[in-house]
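Report on the following structure.
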Amino acid sequence: MGEADHLPLFESKAAKGRVLFKLYAASMVMGMCLIFAFRAIHAPSGRYSWIGLSMAEVWFTLYWLITQLVRWNPVHHYTFKQRLSHRYEKVLPGVDIFVCTADPVIEPPLMVINTVLSAMAYDYPPEKLNIYVSDDGGSELMFYALLEASRFSKYWIPFCKRYKIEPRSPSAYFAQHHVSPITNEWSSIKNKYEEMKKRIPTKLEELTQELKNEHRGFQEWEVGSSKHNHQAIVQILIDQRDPIAVDTQGNTLPALVYVAREKRPEWHHNFKAGAMNALIRVSSQISNNRIILNMDCDMYSNNSESIRDAMCFFMDEQKGHRIAFVQFPQNFDNLTTNDVYSNSLRVINAVEIGGLDSNGGCLYIGSGCFHRRDTLCGRSYSKDTRFDWDKENQKTMIEGIDVLEKACKILASCTYEQMTQWGKEMGLKYGCAVEDVITGLAIKCRGWRSVHFNPERKGFMGLAPTTLLQTLIQTKRWAEGDFQIFLSKYCPLIYGHGRIPLKLQISYCCYLLWALNCWATLYYVAVPSYCLLRGISLFPKLSSYWFLPFAYVFVGKYAYSFGEFYWTGGTVKGWWNDQRMWLYRRLTSYLFAFSDVVLKSMGFTNTNFIITSKVADEDASQRYNREIMEFGATSPMFNILSTLALVNLFSFLKGVKWVIVDSNTNCFSELAAQMILCGLIVLINLPIYQGLFFRKDKGRMPSSVTYQSTILAILYCTLAST
Ligand SMILES: O=c1ccn([C@@H]2O[C@H](COP(=O)(O)OP(=O)(O)O[C@H]3O[C@H](CO)[C@@H](O)[C@H](O)[C@H]3O)[C@@H](O)[C@H]2O)c(=O)[nH]1
Ligand SMILES: [Mn+2]
């Protein structure tokens, strides 16, 4: 072994500028202490609004402290893929790639096969890749699309590899490269893609018997079977042992397997976690690769080297044996310039998760995560854990394809998990809306570490929701799942005690306590405006020294958040939108998440998983591209947002009237802070007023919401003024 053989396969660097950050944090803490001193010294006796506000401030401070811990010492990792290839090219482990889809209408098969094709074209020995598609929609349309993809891959993979193109999802590639750089072959492959697109039916009626005759697999769909009621279907579309399973250059193709686990109305299917567990079992029968990559159907591979990146972590001689999973950030390619719904997860990806990583291991957040199979299946870490990568452990199949498929069907049946540890100690955990976060936490509590890897060229690109309601519902699912974990036996502060570092336990709370944020925020939005109407002052006078800490903390917090957002590549307007969305999320998603968790713990509701739609109608997507906020649906969430926006508008106007019309400057000085607060809330809510009163398009606020919230707001204000 030469000198070079001892160099690590990855290195980690701490972020710079930490001293400045720590000074800033210390000064903020001082500011906050002064605020509490003011609250204590000036507390008017028996005023509940004051006590409430103080409590809200205590909460904000506690939560802010957690967010600082998450920012304390972020690390970034860098991989050395050449060293990997130099040392291990021959013994690179096989990878099973899981793609989950659940509904052919809101997750169009064409999108799914683009994800599949991008996975098949990874820069990795193709004989070591196995792609498994889990179709919870149990749809023949999906199956047909996959059949087409298996044929197209014969052309697509050699094309990708010869010209080293990126990204390797055909639709994303052609969208980014309008003009051909490589003429002839480029046009021919593009034509093939377009033809394939035309052949894939979008409606079941278009799937003719003639098309179905192309593959024996269609016989698996029994008469009367539906999304929620059908037998297990496992079809190996590309069998690597088959001599014809080669691309146009004669290279082996990655294996491709279609799986629709059995669904019966009387059996709970446990959403994505259930699908993943079925895939873990089915794949163990077919390829049993040691590394598993999970991709959501809407998230294609944007970087053909990601598998090699992940291997640099797993195969590192020094630290690799303890790493259970490598999570790539989730990036989105359908965001608008200023990201109206703040879906980019910009700061979370660039700052927070790296911080969690240094505090003991990042979160598992679903799509874009590489796992070791055994850790996902419940194995605990022990000091002697060592992996022998040289030992070839890919399964060599001897069974015929029919026998294999039959065996797999049993593994994908409803009854298989009965009386087993699946969903508990094995595989992904059930019963939580964020199966990923809870599973990742449990893995870390078994002694493993994890890595967050955020390379220059993004690893995965997905679709973010494109309407306000979809965004809020998605956030609600996340906040609900997270809060559920906090209240469960897996609460990191208890379950993690002695198992993971304390700073990681607390860091987890940054997300697990999202839902609780609703109360303090709701209070801050609803009560100061109420008191403004009554003429009750809740903050120090403008001329008082006590005003300074408030101003400092407020400006400091937002200036910092702006800097962070801007330096991680956001725009000014994007930051403003981000602030608005945080407010809306707290006022609606978190509130509903909180209530649902409480109701669930009392046994009134069940965990649900509302799948985010990946399609939007023409009209709505035009508005999305123009960054016009989309309301256009009735939802109690909109009622809350509109009512609060109006309440603040009325209070602000009343305050302005005092100052300007009545020239009551004394009153201004007393209530200035509240007026500023209301004024800012009004400013940030401009899109709501537009949606309520000024817009004519289909995306405006439904008139029922307008009426209801106006009446409510007027009632609230009348109550305050009397
Ligand atoms: O019954 C179900 C429901 C969903 N899915 C799949 O789960 C994935 C995620 O669903 P989506 O509606 O796109 O949710 P997102 O909020 O975008 O997903 C994020 O949040 C989820 C947890 O809430 C994680 O599982 C995901 O990996 C993460 O990207 C999709 O591929 C779905 O097809 C299933 O396979 N079966
Ligand atoms: Mn998604």
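We name chains A, B, ... following the order of the structure tokens; residues begin at 1 in each chain, and ligands are numbered from 1 as shown.
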Could you go through range 559-629 of chain A and tell me which residues DSSP, when run on the backbone, assigns to helix (DSSP H, G or I), listing them as number ranges by chain? A: 559-567, 572-601, 618-625
Output the selection as a tab-separated table (two decimals), in the first residue's frame - N, CA and C atoms for each residue.
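Writing the result to again-v9.tsv gives the following:
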chain	number	residue	atom	x	y	z
A	559	ALA	N	-31.93	41.37	10.76
A	559	ALA	CA	-30.74	41.65	9.95
A	559	ALA	C	-29.95	40.37	9.77
A	560	TYR	N	-29.84	39.60	10.84
A	560	TYR	CA	-29.08	38.35	10.74
A	560	TYR	C	-29.77	37.40	9.77
A	561	SER	N	-31.06	37.29	9.93
A	561	SER	CA	-31.78	36.36	9.05
A	561	SER	C	-31.68	36.81	7.60
A	562	PHE	N	-31.69	38.13	7.39
A	562	PHE	CA	-31.53	38.62	6.02
A	562	PHE	C	-30.15	38.23	5.48
A	563	GLY	N	-29.13	38.49	6.30
A	563	GLY	CA	-27.77	38.19	5.85
A	563	GLY	C	-27.64	36.72	5.48
A	564	GLU	N	-28.16	35.88	6.36
A	564	GLU	CA	-28.06	34.45	6.12
A	564	GLU	C	-28.76	34.05	4.82
A	565	PHE	N	-29.92	34.62	4.62
A	565	PHE	CA	-30.70	34.29	3.43
A	565	PHE	C	-29.99	34.77	2.18
A	566	TYR	N	-29.51	36.01	2.26
A	566	TYR	CA	-28.88	36.62	1.09
A	566	TYR	C	-27.58	35.91	0.74
A	567	TRP	N	-26.75	35.61	1.75
A	567	TRP	CA	-25.46	34.98	1.46
A	567	TRP	C	-25.60	33.54	1.00
A	572	VAL	N	-33.51	39.76	-2.24
A	572	VAL	CA	-34.11	40.61	-1.20
A	572	VAL	C	-35.61	40.30	-1.09
A	573	LYS	N	-36.26	40.28	-2.24
A	573	LYS	CA	-37.69	40.01	-2.23
A	573	LYS	C	-37.97	38.59	-1.74
A	574	GLY	N	-37.05	37.71	-2.09
A	574	GLY	CA	-37.18	36.32	-1.63
A	574	GLY	C	-37.19	36.24	-0.12
A	575	TRP	N	-36.36	37.07	0.50
A	575	TRP	CA	-36.31	37.08	1.96
A	575	TRP	C	-37.62	37.58	2.55
A	576	TRP	N	-38.13	38.63	1.93
A	576	TRP	CA	-39.41	39.19	2.38
A	576	TRP	C	-40.50	38.13	2.27
A	577	ASN	N	-40.52	37.44	1.13
A	577	ASN	CA	-41.49	36.36	0.96
A	577	ASN	C	-41.30	35.27	2.01
A	578	ASP	N	-40.05	35.02	2.31
A	578	ASP	CA	-39.72	33.99	3.30
A	578	ASP	C	-40.29	34.37	4.67
A	579	GLN	N	-40.15	35.65	5.03
A	579	GLN	CA	-40.69	36.11	6.30
A	579	GLN	C	-42.20	35.94	6.33
A	580	ARG	N	-42.83	36.29	5.20
A	580	ARG	CA	-44.29	36.16	5.14
A	580	ARG	C	-44.69	34.70	5.34
A	581	MET	N	-43.97	33.83	4.63
A	581	MET	CA	-44.35	32.43	4.71
A	581	MET	C	-44.12	31.84	6.10
A	582	TRP	N	-43.07	32.30	6.76
A	582	TRP	CA	-42.88	31.81	8.14
A	582	TRP	C	-44.05	32.21	9.00
A	583	LEU	N	-44.51	33.44	8.79
A	583	LEU	CA	-45.66	33.91	9.56
A	583	LEU	C	-46.88	33.04	9.25
A	584	TYR	N	-47.14	32.83	7.97
A	584	TYR	CA	-48.33	32.06	7.58
A	584	TYR	C	-48.25	30.62	8.07
A	585	ARG	N	-47.06	30.07	7.97
A	585	ARG	CA	-46.90	28.68	8.43
A	585	ARG	C	-47.21	28.58	9.91
A	586	ARG	N	-46.69	29.54	10.66
A	586	ARG	CA	-46.91	29.50	12.10
A	586	ARG	C	-48.37	29.69	12.47
A	587	LEU	N	-49.03	30.59	11.71
A	587	LEU	CA	-50.42	30.90	12.05
A	587	LEU	C	-51.39	29.82	11.61
A	588	THR	N	-51.00	29.02	10.62
A	588	THR	CA	-51.95	28.01	10.13
A	588	THR	C	-51.39	26.59	10.26
A	589	SER	N	-50.38	26.27	9.46
A	589	SER	CA	-49.86	24.90	9.45
A	589	SER	C	-49.55	24.40	10.86
A	590	TYR	N	-48.83	25.23	11.61
A	590	TYR	CA	-48.41	24.79	12.93
A	590	TYR	C	-49.60	24.64	13.86
A	591	LEU	N	-50.53	25.58	13.74
A	591	LEU	CA	-51.71	25.54	14.60
A	591	LEU	C	-52.51	24.27	14.33
A	592	PHE	N	-52.72	23.97	13.05
A	592	PHE	CA	-53.48	22.77	12.69
A	592	PHE	C	-52.71	21.51	13.05
A	593	ALA	N	-51.40	21.58	12.90
A	593	ALA	CA	-50.58	20.43	13.26
A	593	ALA	C	-50.73	20.16	14.75
A	594	PHE	N	-50.64	21.23	15.52
A	594	PHE	CA	-50.76	21.11	16.97
A	594	PHE	C	-52.10	20.48	17.34
A	595	SER	N	-53.19	21.04	16.77
A	595	SER	CA	-54.51	20.52	17.12
A	595	SER	C	-54.64	19.06	16.72
A	596	ASP	N	-54.14	18.72	15.54
A	596	ASP	CA	-54.28	17.33	15.10
A	596	ASP	C	-53.51	16.37	15.99
A	597	VAL	N	-52.36	16.79	16.43
A	597	VAL	CA	-51.58	15.90	17.31
A	597	VAL	C	-52.34	15.69	18.61
A	598	VAL	N	-52.91	16.78	19.11
A	598	VAL	CA	-53.67	16.66	20.36
A	598	VAL	C	-54.88	15.76	20.17
A	599	LEU	N	-55.62	16.00	19.08
A	599	LEU	CA	-56.81	15.17	18.81
A	599	LEU	C	-56.42	13.71	18.65
A	600	LYS	N	-55.29	13.50	17.97
A	600	LYS	CA	-54.86	12.13	17.72
A	600	LYS	C	-54.51	11.44	19.04
A	601	SER	N	-53.86	12.20	19.93
A	601	SER	CA	-53.45	11.56	21.18
A	601	SER	C	-54.68	11.20	22.01
A	618	GLU	N	-53.25	25.10	-15.96
A	618	GLU	CA	-52.53	26.08	-16.77
A	618	GLU	C	-52.58	27.48	-16.14
A	619	ASP	N	-53.81	27.88	-15.79
A	619	ASP	CA	-54.07	29.19	-15.21
A	619	ASP	C	-53.23	29.42	-13.95
A	620	ALA	N	-53.34	28.45	-13.06
A	620	ALA	CA	-52.67	28.57	-11.77
A	620	ALA	C	-51.16	28.59	-11.95
A	621	SER	N	-50.66	27.78	-12.89
A	621	SER	CA	-49.20	27.77	-12.99
A	621	SER	C	-48.68	29.06	-13.63
A	622	GLN	N	-49.53	29.70	-14.43
A	622	GLN	CA	-49.11	31.02	-14.95
A	622	GLN	C	-48.98	32.03	-13.82
A	623	ARG	N	-49.97	32.00	-12.94
A	623	ARG	CA	-49.90	32.92	-11.80
A	623	ARG	C	-48.69	32.59	-10.94
A	624	TYR	N	-48.42	31.29	-10.80
A	624	TYR	CA	-47.25	30.89	-10.00
A	624	TYR	C	-45.98	31.47	-10.60
A	625	ASN	N	-45.86	31.37	-11.92
A	625	ASN	CA	-44.65	31.89	-12.56
A	625	ASN	C	-44.53	33.39	-12.43
Which chains and residue numbers are within 12 Å of ligand 2, counting only C-alpha atoms and all ligand atoms, if I want them as a PyMOL selection string? chain A and resi 99-102+106-107+111-112+272+295-300+330-334+343+365-368+460-466+470-471+474-475+477-478+609-615
Exercise: Phe152 in chain A partners within 10 Å, only C-alpha atoms, chain neighbours under 4 positions left out, as a PyMOL selection string: chain A and resi 117+146-148+156-157+189+192-193+196+247
For the residues in the current selection, export N, CA and C atoms as a PDB file, in the first residue's frame.
ATOM      1  N   LEU A 117     -35.149   7.090 -15.023  1.00  0.00           N
ATOM      2  CA  LEU A 117     -34.065   7.122 -16.017  1.00  0.00           C
ATOM      3  C   LEU A 117     -32.829   7.834 -15.471  1.00  0.00           C
ATOM      4  N   LEU A 146     -43.276   2.555 -17.385  1.00  0.00           N
ATOM      5  CA  LEU A 146     -42.012   1.953 -16.973  1.00  0.00           C
ATOM      6  C   LEU A 146     -41.478   1.005 -18.047  1.00  0.00           C
ATOM      7  N   LEU A 147     -42.404   0.326 -18.679  1.00  0.00           N
ATOM      8  CA  LEU A 147     -42.019  -0.560 -19.777  1.00  0.00           C
ATOM      9  C   LEU A 147     -41.349   0.259 -20.882  1.00  0.00           C
ATOM     10  N   GLU A 148     -41.964   1.382 -21.198  1.00  0.00           N
ATOM     11  CA  GLU A 148     -41.384   2.274 -22.210  1.00  0.00           C
ATOM     12  C   GLU A 148     -40.006   2.761 -21.753  1.00  0.00           C
ATOM     13  N   TRP A 156     -30.713   5.861 -23.954  1.00  0.00           N
ATOM     14  CA  TRP A 156     -30.449   7.003 -23.083  1.00  0.00           C
ATOM     15  C   TRP A 156     -29.143   6.834 -22.273  1.00  0.00           C
ATOM     16  N   ILE A 157     -28.941   5.657 -21.702  1.00  0.00           N
ATOM     17  CA  ILE A 157     -27.769   5.476 -20.835  1.00  0.00           C
ATOM     18  C   ILE A 157     -26.447   5.643 -21.611  1.00  0.00           C
ATOM     19  N   ILE A 189     -31.835  11.218 -30.308  1.00  0.00           N
ATOM     20  CA  ILE A 189     -32.266  10.791 -28.976  1.00  0.00           C
ATOM     21  C   ILE A 189     -33.444  11.636 -28.508  1.00  0.00           C
ATOM     22  N   LYS A 192     -36.468  10.286 -30.126  1.00  0.00           N
ATOM     23  CA  LYS A 192     -36.896   9.040 -29.470  1.00  0.00           C
ATOM     24  C   LYS A 192     -37.651   9.351 -28.186  1.00  0.00           C
ATOM     25  N   TYR A 193     -37.148  10.349 -27.479  1.00  0.00           N
ATOM     26  CA  TYR A 193     -37.805  10.714 -26.227  1.00  0.00           C
ATOM     27  C   TYR A 193     -39.205  11.262 -26.495  1.00  0.00           C
ATOM     28  N   MET A 196     -41.547   8.556 -27.411  1.00  0.00           N
ATOM     29  CA  MET A 196     -41.946   7.775 -26.247  1.00  0.00           C
ATOM     30  C   MET A 196     -43.023   8.516 -25.458  1.00  0.00           C
ATOM     31  N   ASP A 247     -27.627  -2.386 -23.282  1.00  0.00           N
ATOM     32  CA  ASP A 247     -27.922  -1.167 -24.033  1.00  0.00           C
ATOM     33  C   ASP A 247     -27.360  -1.287 -25.452  1.00  0.00           C
TER      34      ASP A 247
END
Can you pull out the residues contacting range 503-508 of chain A? Cut-off 8 Å, using only C-alpha atoms, and skip same-chain residues under 2 positions away; I want them as a VMD selection string. chain A and resid 66 to 67 69 to 70 356 359 to 361 492 to 493 496 to 497 500 to 501 510 to 512
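Nearest residue to ligand 1, choosing from A:His6, A:Lys458, A:His269, A:Arg308 and counting only C-alpha atoms and all ligand atoms: A:His269.
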